file work_23.tsv (TSV, C-alpha atoms)
chain	number	residue	atom	x	y	z
A	268	MET	CA	12.05	-1.32	-8.70
A	269	LEU	CA	11.99	-2.47	-5.05
A	270	LEU	CA	14.81	-4.52	-3.53
A	271	ILE	CA	14.96	-5.53	0.14
A	272	GLU	CA	18.12	-7.13	1.49
A	273	ASP	CA	18.59	-8.80	4.89
A	274	LEU	CA	16.12	-6.51	6.67
A	275	HIS	CA	15.90	-6.71	10.47
A	276	LYS	CA	13.52	-4.95	12.86
A	277	HIS	CA	12.73	-5.42	16.54
A	278	TYR	CA	10.61	-3.56	19.10
A	279	LEU	CA	11.31	-3.11	22.79
A	280	THR	CA	8.74	-4.56	25.20
A	281	ALA	CA	8.52	-4.92	28.97
A	282	GLN	CA	9.81	-8.46	28.48
A	283	GLY	CA	12.77	-7.33	26.37
A	284	PRO	CA	13.48	-7.04	22.62
A	285	LEU	CA	10.80	-8.54	20.36
A	286	PRO	CA	12.22	-9.52	16.95
A	287	VAL	CA	9.72	-8.94	14.12
A	288	LEU	CA	11.76	-9.10	10.91
A	289	GLN	CA	14.81	-11.34	10.95
A	290	GLY	CA	16.53	-11.11	7.59
A	291	VAL	CA	13.86	-10.38	4.98
A	292	ASP	CA	14.88	-10.52	1.31
A	293	LEU	CA	12.33	-9.46	-1.29
A	294	GLN	CA	12.20	-8.12	-4.82
A	295	LEU	CA	9.40	-6.41	-6.76
A	296	ASP	CA	9.83	-5.58	-10.43
A	297	ALA	CA	8.43	-2.48	-12.10
A	298	HIS	CA	4.80	-2.74	-13.29
A	299	SER	CA	4.24	-5.95	-11.32
A	300	SER	CA	2.12	-7.09	-8.37
A	301	LEU	CA	3.10	-9.00	-5.23
A	302	ALA	CA	0.89	-10.45	-2.49
A	303	LEU	CA	2.50	-10.68	0.95
A	304	MET	CA	0.91	-13.29	3.17
A	305	GLY	CA	1.53	-14.69	6.65
A	306	GLU	CA	-0.01	-15.21	10.06
A	307	SER	CA	-0.92	-12.30	12.32
A	308	GLY	CA	2.25	-10.97	13.94
A	309	SER	CA	4.53	-12.28	11.20
A	310	GLY	CA	5.70	-8.74	10.34
A	311	LYS	CA	3.68	-7.94	7.21
A	312	SER	CA	2.45	-4.52	8.30
A	313	THR	CA	5.84	-3.69	9.82
A	314	LEU	CA	7.47	-4.39	6.46
A	315	LEU	CA	5.02	-2.07	4.70
A	316	HIS	CA	5.71	0.69	7.22
A	317	LEU	CA	9.46	0.35	6.65
A	318	ILE	CA	9.08	0.52	2.87
A	319	ALA	CA	6.88	3.61	3.26
A	320	GLY	CA	9.50	5.28	5.44
A	321	LEU	CA	7.09	5.44	8.39
A	322	ASP	CA	9.59	3.54	10.53
A	323	ARG	CA	13.28	2.66	10.25
A	324	ALA	CA	14.89	-0.78	10.14
A	325	ASP	CA	17.57	-1.88	12.59
A	326	SER	CA	19.74	-3.17	9.74
A	327	GLY	CA	19.54	-4.25	6.12
A	328	ARG	CA	18.65	-2.22	3.06
A	329	ILE	CA	15.57	-1.05	1.18
A	330	LEU	CA	16.36	0.19	-2.32
A	331	ILE	CA	13.91	1.91	-4.64
A	332	HIS	CA	15.16	2.16	-8.22
A	333	GLY	CA	18.62	1.54	-6.78
A	334	GLN	CA	18.38	4.35	-4.23
A	335	ALA	CA	18.62	3.38	-0.53
A	336	LEU	CA	15.96	4.65	1.88
A	337	ASP	CA	18.01	4.18	5.06
A	338	GLY	CA	20.25	7.20	4.44
A	339	ARG	CA	17.43	9.67	3.90
A	340	THR	CA	16.45	12.36	6.36
A	341	GLU	CA	12.90	12.57	7.71
A	342	ALA	CA	12.24	15.29	5.14
A	343	GLY	CA	13.57	13.04	2.40
A	344	LEU	CA	11.34	10.19	3.52
A	345	ALA	CA	8.33	12.51	3.59
A	346	GLN	CA	9.13	13.56	0.03
A	347	TRP	CA	9.39	9.88	-0.97
A	348	ARG	CA	5.95	9.19	0.49
A	349	ARG	CA	4.48	12.28	-1.14
A	350	GLU	CA	5.87	11.80	-4.63
A	351	SER	CA	6.51	8.11	-5.22
A	352	ILE	CA	4.11	5.92	-3.26
A	353	GLY	CA	0.43	5.49	-2.63
A	354	LEU	CA	-0.81	4.06	0.67
A	355	VAL	CA	-4.00	2.12	1.32
A	356	PHE	CA	-4.35	1.02	4.95
A	357	GLN	CA	-7.16	-0.79	6.74
A	358	GLN	CA	-8.16	2.34	8.67
A	359	TYR	CA	-8.73	4.36	5.43
A	360	ASN	CA	-7.10	7.49	6.99
A	361	LEU	CA	-9.35	9.91	5.13
A	362	VAL	CA	-9.35	13.55	6.24
A	363	PRO	CA	-12.67	14.04	8.11
A	364	SER	CA	-12.95	17.75	7.26
A	365	LEU	CA	-12.59	17.20	3.50
A	366	ASP	CA	-15.25	15.96	1.10
A	367	VAL	CA	-14.65	13.05	-1.26
A	368	THR	CA	-13.39	15.28	-4.08
A	369	SER	CA	-10.77	16.89	-1.85
A	370	ASN	CA	-9.77	13.64	-0.15
A	371	LEU	CA	-9.31	11.99	-3.53
A	372	SER	CA	-7.01	14.73	-4.85
A	373	PHE	CA	-5.19	15.42	-1.56
A	374	GLN	CA	-1.94	13.52	-2.13
A	375	ALA	CA	-1.79	14.24	-5.86
A	376	ARG	CA	-1.94	17.97	-5.11
A	377	LEU	CA	0.86	17.63	-2.54
A	378	ALA	CA	2.95	15.90	-5.21
A	379	GLU	CA	1.98	18.60	-7.75
A	380	ARG	CA	0.58	15.90	-10.03
A	381	HIS	CA	-3.14	16.57	-9.76
A	382	ASP	CA	-4.90	15.59	-13.00
A	383	PRO	CA	-8.62	16.44	-12.82
A	384	ALA	CA	-9.50	14.15	-15.74
A	385	TRP	CA	-7.68	11.17	-14.16
A	386	ALA	CA	-9.28	11.90	-10.77
A	387	ALA	CA	-12.73	12.02	-12.35
A	388	TYR	CA	-12.01	8.75	-14.17
A	389	LEU	CA	-10.97	7.06	-10.91
A	390	ALA	CA	-14.11	8.32	-9.20
A	391	GLU	CA	-16.29	7.02	-12.01
A	392	ARG	CA	-14.63	3.60	-12.17
A	393	LEU	CA	-14.81	3.17	-8.39
A	394	GLY	CA	-18.47	4.18	-8.18
A	395	LEU	CA	-17.82	7.47	-6.38
A	396	SER	CA	-19.17	9.98	-8.91
A	397	GLY	CA	-22.41	10.48	-6.98
A	398	LEU	CA	-20.63	10.83	-3.64
A	399	LEU	CA	-18.12	13.58	-4.36
A	400	ALA	CA	-19.77	16.19	-2.11
A	401	ARG	CA	-20.06	13.84	0.88
A	402	TYR	CA	-17.73	13.70	3.86
A	403	PRO	CA	-16.14	10.49	5.22
A	404	GLU	CA	-18.65	10.21	8.09
A	405	GLN	CA	-21.43	10.08	5.48
A	406	LEU	CA	-19.90	7.07	3.72
A	407	SER	CA	-20.03	3.36	4.42
A	408	GLY	CA	-16.81	1.50	5.20
A	409	GLY	CA	-16.70	0.09	1.68
A	410	GLN	CA	-17.18	3.54	0.14
A	411	GLN	CA	-14.41	4.98	2.31
A	412	GLN	CA	-12.10	2.19	1.17
A	413	ARG	CA	-12.83	3.04	-2.47
A	414	VAL	CA	-11.98	6.70	-1.78
A	415	ALA	CA	-8.72	5.58	-0.16
A	416	ILE	CA	-7.86	3.50	-3.23
A	417	ALA	CA	-8.67	6.38	-5.59
A	418	ARG	CA	-6.61	8.80	-3.48
A	419	ALA	CA	-3.63	6.43	-3.51
A	420	LEU	CA	-3.72	6.19	-7.31
A	421	ALA	CA	-4.58	9.82	-8.09
A	422	GLY	CA	-0.92	10.86	-8.30
A	423	ARG	CA	0.06	7.82	-10.41
A	424	PRO	CA	2.63	6.57	-7.85
A	425	SER	CA	5.44	4.26	-8.90
A	426	LEU	CA	4.56	1.97	-5.97
A	427	LEU	CA	1.26	1.28	-4.24
A	428	LEU	CA	1.41	-0.25	-0.74
A	429	ALA	CA	-1.87	-1.81	0.35
A	430	ASP	CA	-2.53	-3.37	3.77
A	431	GLU	CA	-5.65	-5.57	3.51
A	432	PRO	CA	-7.23	-3.06	1.07
A	433	THR	CA	-10.53	-4.96	0.88
A	434	GLY	CA	-10.61	-6.09	4.51
A	435	SER	CA	-13.86	-4.21	5.24
A	436	LEU	CA	-15.73	-5.90	2.38
A	437	ASP	CA	-17.46	-9.25	2.04
A	438	GLU	CA	-15.79	-11.91	-0.10
A	439	GLY	CA	-17.73	-11.17	-3.30
A	440	SER	CA	-17.21	-7.42	-3.04
A	441	SER	CA	-13.53	-7.96	-2.15
A	442	GLU	CA	-12.87	-9.81	-5.39
A	443	GLU	CA	-14.75	-7.22	-7.43
A	444	VAL	CA	-12.92	-4.26	-5.87
A	445	LEU	CA	-9.51	-5.98	-6.08
A	446	ALA	CA	-10.01	-6.81	-9.76
A	447	LEU	CA	-10.92	-3.17	-10.44
A	448	MET	CA	-8.02	-1.91	-8.32
A	449	LEU	CA	-5.54	-4.05	-10.23
A	450	GLN	CA	-6.88	-2.72	-13.54
A	451	LEU	CA	-6.48	0.86	-12.34
A	452	ILE	CA	-2.99	0.15	-11.00
A	453	GLU	CA	-2.00	-1.12	-14.45
A	454	GLU	CA	-3.48	1.98	-16.09
A	455	ALA	CA	-1.60	4.19	-13.63
A	456	GLY	CA	1.67	2.43	-14.49
A	457	SER	CA	2.27	1.49	-10.85
A	458	SER	CA	3.61	-1.58	-9.06
A	459	VAL	CA	1.74	-2.93	-6.04
A	460	LEU	CA	2.73	-4.76	-2.86
A	461	MET	CA	-0.39	-5.95	-1.07
A	462	VAL	CA	-0.74	-7.56	2.35
A	463	THR	CA	-3.63	-10.03	2.47
A	464	HIS	CA	-4.81	-13.04	4.46
A	465	SER	CA	-6.89	-14.32	1.54
A	466	GLU	CA	-5.43	-17.05	-0.68
A	467	ARG	CA	-8.12	-16.32	-3.27
A	468	LEU	CA	-7.21	-12.64	-3.50
A	469	ALA	CA	-3.47	-13.39	-3.46
A	470	GLU	CA	-3.88	-15.65	-6.49
A	471	ARG	CA	-4.90	-12.61	-8.56
A	472	LEU	CA	-1.44	-11.08	-8.15
A	473	GLN	CA	1.61	-12.05	-10.18
A	474	VAL	CA	3.85	-13.08	-7.26
A	475	ARG	CA	2.92	-14.49	-3.85
A	476	CYS	CA	5.27	-14.45	-0.86
A	477	ARG	CA	4.81	-15.73	2.68
A	478	LEU	CA	6.32	-14.25	5.81
A	479	GLN	CA	6.98	-16.67	8.66
A	480	ALA	CA	9.02	-16.06	11.80
A	481	GLY	CA	10.20	-12.76	10.37
A	482	ARG	CA	11.53	-14.20	7.11
A	483	VAL	CA	10.23	-14.71	3.59
A	484	MET	CA	9.81	-18.48	3.49
A	485	ALA	CA	8.34	-18.95	0.02
A	486	GLN	CA	7.83	-17.06	-3.23
A	487	VAL	CA	5.48	-18.33	-5.95
A	488	ASP	CA	5.10	-16.77	-9.39
A	489	ARG	CA	1.74	-17.04	-11.11
call {"tool": "encode", "arguments": {"input": "work_23.tsv", "output": "structure tokens"}}
result
Amino acid sequence: MLLIEDLHKHYLTAQGPLPVLQGVDLQLDAHSSLALMGESGSGKSTLLHLIAGLDRADSGRILIHGQALDGRTEAGLAQWRRESIGLVFQQYNLVPSLDVTSNLSFQARLAERHDPAWAAYLAERLGLSGLLARYPEQLSGGQQQRVAIARALAGRPSLLLADEPTGSLDEGSSEEVLALMLQLIEEAGSSVLMVTHSERLAERLQVRCRLQAGRVMAQVDR
């Protein structure tokens, strides 16, 4: 469902062009999971931003179900983010003025796919049922991350993009939350591409890839 071909991206710095991605090729099948690994600065987060349409590549192609992203307008990319993907970033990005219930349903309502029963199920499975009236500032980092995961899955996206989704948790909690997240992703019928530094967490996903010097250097199937 996701195909990336010869993707290049650089950023301009005071010292000149800084190449980040230098010919990335990657494939993710429908209803599957992929862990993207690599050292800091290898381009993992940049790749996620390009797939999400938050930035544009210099060259190469990103195809979703055979449809290229590079030719879409900004409005088209916004529609893609709203209707087809879920995003879980390290910073949570919850809306401070909304309580947990409203944060959880926010994107699903934008996509006109809000399902109260599914949202309540996500809240229950992620241990949020007793926190629905609270606001983000009243939650711990781990609780905010669980809200972000629930929000990303509330609209049953075809693709979930997760950048270190358990980075704020200790190792034991990380494994517990990831196992639960993968179960919920399967129930939602989604695929997932997850950036992680943890070999142990990466082993839980079906495919593991490593970015090095802006290229995918290895791909291992479980």
call {"tool": "closest_residue", "arguments": {"input": "work_23.tsv", "among": "A:Gly394, A:Gly353, A:Pro363, A:Gly422", "to": "Asp382 (chain A)", "atoms": "only C-alpha atoms"}}
result
A:Gly422
call {"tool": "residues_around", "arguments": {"input": "work_23.tsv", "residues": "Leu468 (chain A)", "least_positions_apart": "3", "cutoff": "12 Å", "atoms": "only C-alpha atoms", "output": "PyMOL selection string"}}
result
chain A and resi 300-304+431-434+438-446+448-449+461-465+471-475
call {"tool": "atom_distance", "arguments": {"input": "work_23.tsv", "atom1": "CA of Gly305 (chain A)", "atom2": "CA of Ala469 (chain A)"}}
result
11.4 Å
call {"tool": "residues_around", "arguments": {"input": "work_23.tsv", "residues": "region 327-334 of chain A", "least_positions_apart": "4", "cutoff": "8 Å", "atoms": "only C-alpha atoms", "output": "list in words"}}
result
Met268, Leu269, Leu270, Ile271, Glu272, Asp273, Leu274, His275, Gly290 and Ile318 of chain A
call {"tool": "residues_around", "arguments": {"input": "work_23.tsv", "residues": "His298 (chain A)", "least_positions_apart": "2", "cutoff": "7 Å", "atoms": "all atoms listed in the file", "output": "PDB file with C-alpha atoms, in the frame of the given file"}}
result
ATOM      1  CA  ASP A 296       9.830  -5.580 -10.430  1.00  0.00           C
ATOM      2  CA  GLY A 456       1.670   2.430 -14.490  1.00  0.00           C
ATOM      3  CA  SER A 457       2.270   1.490 -10.850  1.00  0.00           C
ATOM      4  CA  SER A 458       3.610  -1.580  -9.060  1.00  0.00           C
TER       5      SER A 458
END
call {"tool": "atom_distance", "arguments": {"input": "work_23.tsv", "atom1": "CA of Asp488 (chain A)", "atom2": "CA of Gly409 (chain A)"}}
result
29.7 Å
call {"tool": "closest_atom_pairs", "arguments": {"input": "work_23.tsv", "of": "region 342-367 of chain A", "to": "region 314-317 of chain A", "cutoff": "12 Å", "atoms": "only C-alpha atoms", "output": "JSON lines"}}
result
{"residue": "A:Leu344", "atom": "CA", "partner": "A:Leu317", "partner_atom": "CA", "distance": 10.5}
{"residue": "A:Arg348", "atom": "CA", "partner": "A:His316", "partner_atom": "CA", "distance": 10.8}
{"residue": "A:Ile352", "atom": "CA", "partner": "A:Leu315", "partner_atom": "CA", "distance": 11.3}
{"residue": "A:Gly353", "atom": "CA", "partner": "A:Leu315", "partner_atom": "CA", "distance": 11.5}
{"residue": "A:Leu354", "atom": "CA", "partner": "A:Leu315", "partner_atom": "CA", "distance": 9.4}
{"residue": "A:Val355", "atom": "CA", "partner": "A:Leu315", "partner_atom": "CA", "distance": 10.5}
{"residue": "A:Phe356", "atom": "CA", "partner": "A:Leu315", "partner_atom": "CA", "distance": 9.9}
call {"tool": "write_last_selection", "arguments": {"input": "work_23.tsv", "atoms": "C-alpha atoms", "output": "mmCIF file, in the coordinates of the input"}}
result
data_model
loop_
_atom_site.group_PDB
_atom_site.id
_atom_site.type_symbol
_atom_site.label_atom_id
_atom_site.label_comp_id
_atom_site.auth_asym_id
_atom_site.auth_seq_id
_atom_site.Cartn_x
_atom_site.Cartn_y
_atom_site.Cartn_z
ATOM 1 C CA LEU A 344 11.340 10.190 3.520
ATOM 2 C CA ARG A 348 5.950 9.190 0.490
ATOM 3 C CA ILE A 352 4.110 5.920 -3.260
ATOM 4 C CA GLY A 353 0.430 5.490 -2.630
ATOM 5 C CA LEU A 354 -0.810 4.060 0.670
ATOM 6 C CA VAL A 355 -4.000 2.120 1.320
ATOM 7 C CA PHE A 356 -4.350 1.020 4.950
#
call {"tool": "closest_residue", "arguments": {"input": "work_23.tsv", "among": "A:Ser309, A:Ser326, A:Ser369, A:Ser351", "to": "Pro424 (chain A)", "atoms": "only C-alpha atoms"}}
result
A:Ser351
call {"tool": "closest_residue", "arguments": {"input": "work_23.tsv", "among": "A:Arg423, A:Glu470, A:Val487, A:Leu393", "to": "Leu447 (chain A)", "atoms": "all atoms listed in the file"}}
result
A:Leu393
call {"tool": "closest_residue", "arguments": {"input": "work_23.tsv", "among": "A:Val367, A:Ala421, A:Val287, A:Ser372", "to": "Leu395 (chain A)", "atoms": "all atoms listed in the file"}}
result
A:Val367
call {"tool": "residues_around", "arguments": {"input": "work_23.tsv", "residues": "Gln346 (chain A)", "least_positions_apart": "6", "cutoff": "10 Å", "atoms": "all atoms listed in the file", "output": "JSON, numbers by chain"}}
result
{"A": [320, 339, 340, 352, 377, 378]}
call {"tool": "write_last_selection", "arguments": {"input": "work_23.tsv", "atoms": "C-alpha atoms", "output": "PDB file, in the coordinates of the input"}}
result
ATOM      1  CA  GLY A 320       9.500   5.280   5.440  1.00  0.00           C
ATOM      2  CA  ARG A 339      17.430   9.670   3.900  1.00  0.00           C
ATOM      3  CA  THR A 340      16.450  12.360   6.360  1.00  0.00           C
ATOM      4  CA  ILE A 352       4.110   5.920  -3.260  1.00  0.00           C
ATOM      5  CA  LEU A 377       0.860  17.630  -2.540  1.00  0.00           C
ATOM      6  CA  ALA A 378       2.950  15.900  -5.210  1.00  0.00           C
TER       7      ALA A 378
END
call {"tool": "atom_distance", "arguments": {"input": "work_23.tsv", "atom1": "CA of Phe373 (chain A)", "atom2": "CA of Asp437 (chain A)"}}
result
27.8 Å
call {"tool": "closest_residue", "arguments": {"input": "work_23.tsv", "among": "A:Glu379, A:Asn360, A:Glu466, A:Ala384", "to": "Arg413 (chain A)", "atoms": "all atoms listed in the file"}}
result
A:Asn360
call {"tool": "decode", "arguments": {"input": "work_23.tsv", "residues": "region 414-437 of chain A", "atoms": "N, CA and C atoms", "output": "PDB file, in the first residue's frame"}}
result
ATOM      1  N   VAL A 414      -3.348   8.864  24.703  1.00  0.00           N
ATOM      2  CA  VAL A 414      -4.396   9.647  24.021  1.00  0.00           C
ATOM      3  C   VAL A 414      -4.005   9.863  22.564  1.00  0.00           C
ATOM      4  N   ALA A 415      -2.724  10.170  22.320  1.00  0.00           N
ATOM      5  CA  ALA A 415      -2.264  10.386  20.943  1.00  0.00           C
ATOM      6  C   ALA A 415      -2.423   9.123  20.104  1.00  0.00           C
ATOM      7  N   ILE A 416      -2.160   7.966  20.699  1.00  0.00           N
ATOM      8  CA  ILE A 416      -2.327   6.700  19.979  1.00  0.00           C
ATOM      9  C   ILE A 416      -3.805   6.457  19.673  1.00  0.00           C
ATOM     10  N   ALA A 417      -4.661   6.680  20.671  1.00  0.00           N
ATOM     11  CA  ALA A 417      -6.099   6.488  20.465  1.00  0.00           C
ATOM     12  C   ALA A 417      -6.622   7.436  19.392  1.00  0.00           C
ATOM     13  N   ARG A 418      -6.187   8.700  19.442  1.00  0.00           N
ATOM     14  CA  ARG A 418      -6.634   9.671  18.439  1.00  0.00           C
ATOM     15  C   ARG A 418      -6.222   9.239  17.032  1.00  0.00           C
ATOM     16  N   ALA A 419      -4.985   8.730  16.899  1.00  0.00           N
ATOM     17  CA  ALA A 419      -4.493   8.331  15.588  1.00  0.00           C
ATOM     18  C   ALA A 419      -5.281   7.168  15.013  1.00  0.00           C
ATOM     19  N   LEU A 420      -5.824   6.318  15.881  1.00  0.00           N
ATOM     20  CA  LEU A 420      -6.542   5.122  15.420  1.00  0.00           C
ATOM     21  C   LEU A 420      -8.056   5.321  15.364  1.00  0.00           C
ATOM     22  N   ALA A 421      -8.545   6.424  15.914  1.00  0.00           N
ATOM     23  CA  ALA A 421      -9.993   6.611  16.032  1.00  0.00           C
ATOM     24  C   ALA A 421     -10.702   6.628  14.687  1.00  0.00           C
ATOM     25  N   GLY A 422     -10.032   7.118  13.647  1.00  0.00           N
ATOM     26  CA  GLY A 422     -10.644   7.167  12.323  1.00  0.00           C
ATOM     27  C   GLY A 422     -10.342   5.953  11.463  1.00  0.00           C
ATOM     28  N   ARG A 423      -9.755   4.916  12.074  1.00  0.00           N
ATOM     29  CA  ARG A 423      -9.359   3.697  11.347  1.00  0.00           C
ATOM     30  C   ARG A 423      -8.576   4.039  10.073  1.00  0.00           C
ATOM     31  N   PRO A 424      -7.417   4.682  10.211  1.00  0.00           N
ATOM     32  CA  PRO A 424      -6.633   5.088   9.034  1.00  0.00           C
ATOM     33  C   PRO A 424      -6.057   3.888   8.308  1.00  0.00           C
ATOM     34  N   SER A 425      -5.804   4.047   7.010  1.00  0.00           N
ATOM     35  CA  SER A 425      -5.161   2.954   6.277  1.00  0.00           C
ATOM     36  C   SER A 425      -3.692   2.830   6.662  1.00  0.00           C
ATOM     37  N   LEU A 426      -3.081   3.945   7.128  1.00  0.00           N
ATOM     38  CA  LEU A 426      -1.668   3.937   7.485  1.00  0.00           C
ATOM     39  C   LEU A 426      -1.454   4.741   8.756  1.00  0.00           C
ATOM     40  N   LEU A 427      -0.763   4.134   9.719  1.00  0.00           N
ATOM     41  CA  LEU A 427      -0.368   4.830  10.935  1.00  0.00           C
ATOM     42  C   LEU A 427       1.130   5.095  10.874  1.00  0.00           C
ATOM     43  N   LEU A 428       1.527   6.350  11.064  1.00  0.00           N
ATOM     44  CA  LEU A 428       2.928   6.747  11.110  1.00  0.00           C
ATOM     45  C   LEU A 428       3.262   7.109  12.549  1.00  0.00           C
ATOM     46  N   ALA A 429       4.240   6.427  13.123  1.00  0.00           N
ATOM     47  CA  ALA A 429       4.557   6.614  14.533  1.00  0.00           C
ATOM     48  C   ALA A 429       6.047   6.891  14.700  1.00  0.00           C
ATOM     49  N   ASP A 430       6.370   8.035  15.293  1.00  0.00           N
ATOM     50  CA  ASP A 430       7.763   8.434  15.521  1.00  0.00           C
ATOM     51  C   ASP A 430       8.081   8.246  17.001  1.00  0.00           C
ATOM     52  N   GLU A 431       8.789   7.160  17.331  1.00  0.00           N
ATOM     53  CA  GLU A 431       9.119   6.832  18.719  1.00  0.00           C
ATOM     54  C   GLU A 431       7.862   6.924  19.599  1.00  0.00           C
ATOM     55  N   PRO A 432       6.816   6.130  19.305  1.00  0.00           N
ATOM     56  CA  PRO A 432       5.536   6.304  19.992  1.00  0.00           C
ATOM     57  C   PRO A 432       5.564   5.967  21.470  1.00  0.00           C
ATOM     58  N   THR A 433       6.589   5.245  21.936  1.00  0.00           N
ATOM     59  CA  THR A 433       6.678   4.937  23.363  1.00  0.00           C
ATOM     60  C   THR A 433       7.933   5.560  23.970  1.00  0.00           C
ATOM     61  N   GLY A 434       8.449   6.595  23.326  1.00  0.00           N
ATOM     62  CA  GLY A 434       9.710   7.190  23.761  1.00  0.00           C
ATOM     63  C   GLY A 434       9.666   7.800  25.151  1.00  0.00           C
ATOM     64  N   SER A 435       8.474   8.172  25.638  1.00  0.00           N
ATOM     65  CA  SER A 435       8.358   8.802  26.951  1.00  0.00           C
ATOM     66  C   SER A 435       8.190   7.782  28.072  1.00  0.00           C
ATOM     67  N   LEU A 436       8.159   6.489  27.721  1.00  0.00           N
ATOM     68  CA  LEU A 436       7.881   5.448  28.700  1.00  0.00           C
ATOM     69  C   LEU A 436       9.133   4.663  29.047  1.00  0.00           C
ATOM     70  N   ASP A 437       9.124   4.024  30.225  1.00  0.00           N
ATOM     71  CA  ASP A 437      10.228   3.141  30.569  1.00  0.00           C
ATOM     72  C   ASP A 437      10.125   1.872  29.732  1.00  0.00           C
TER      73      ASP A 437
END
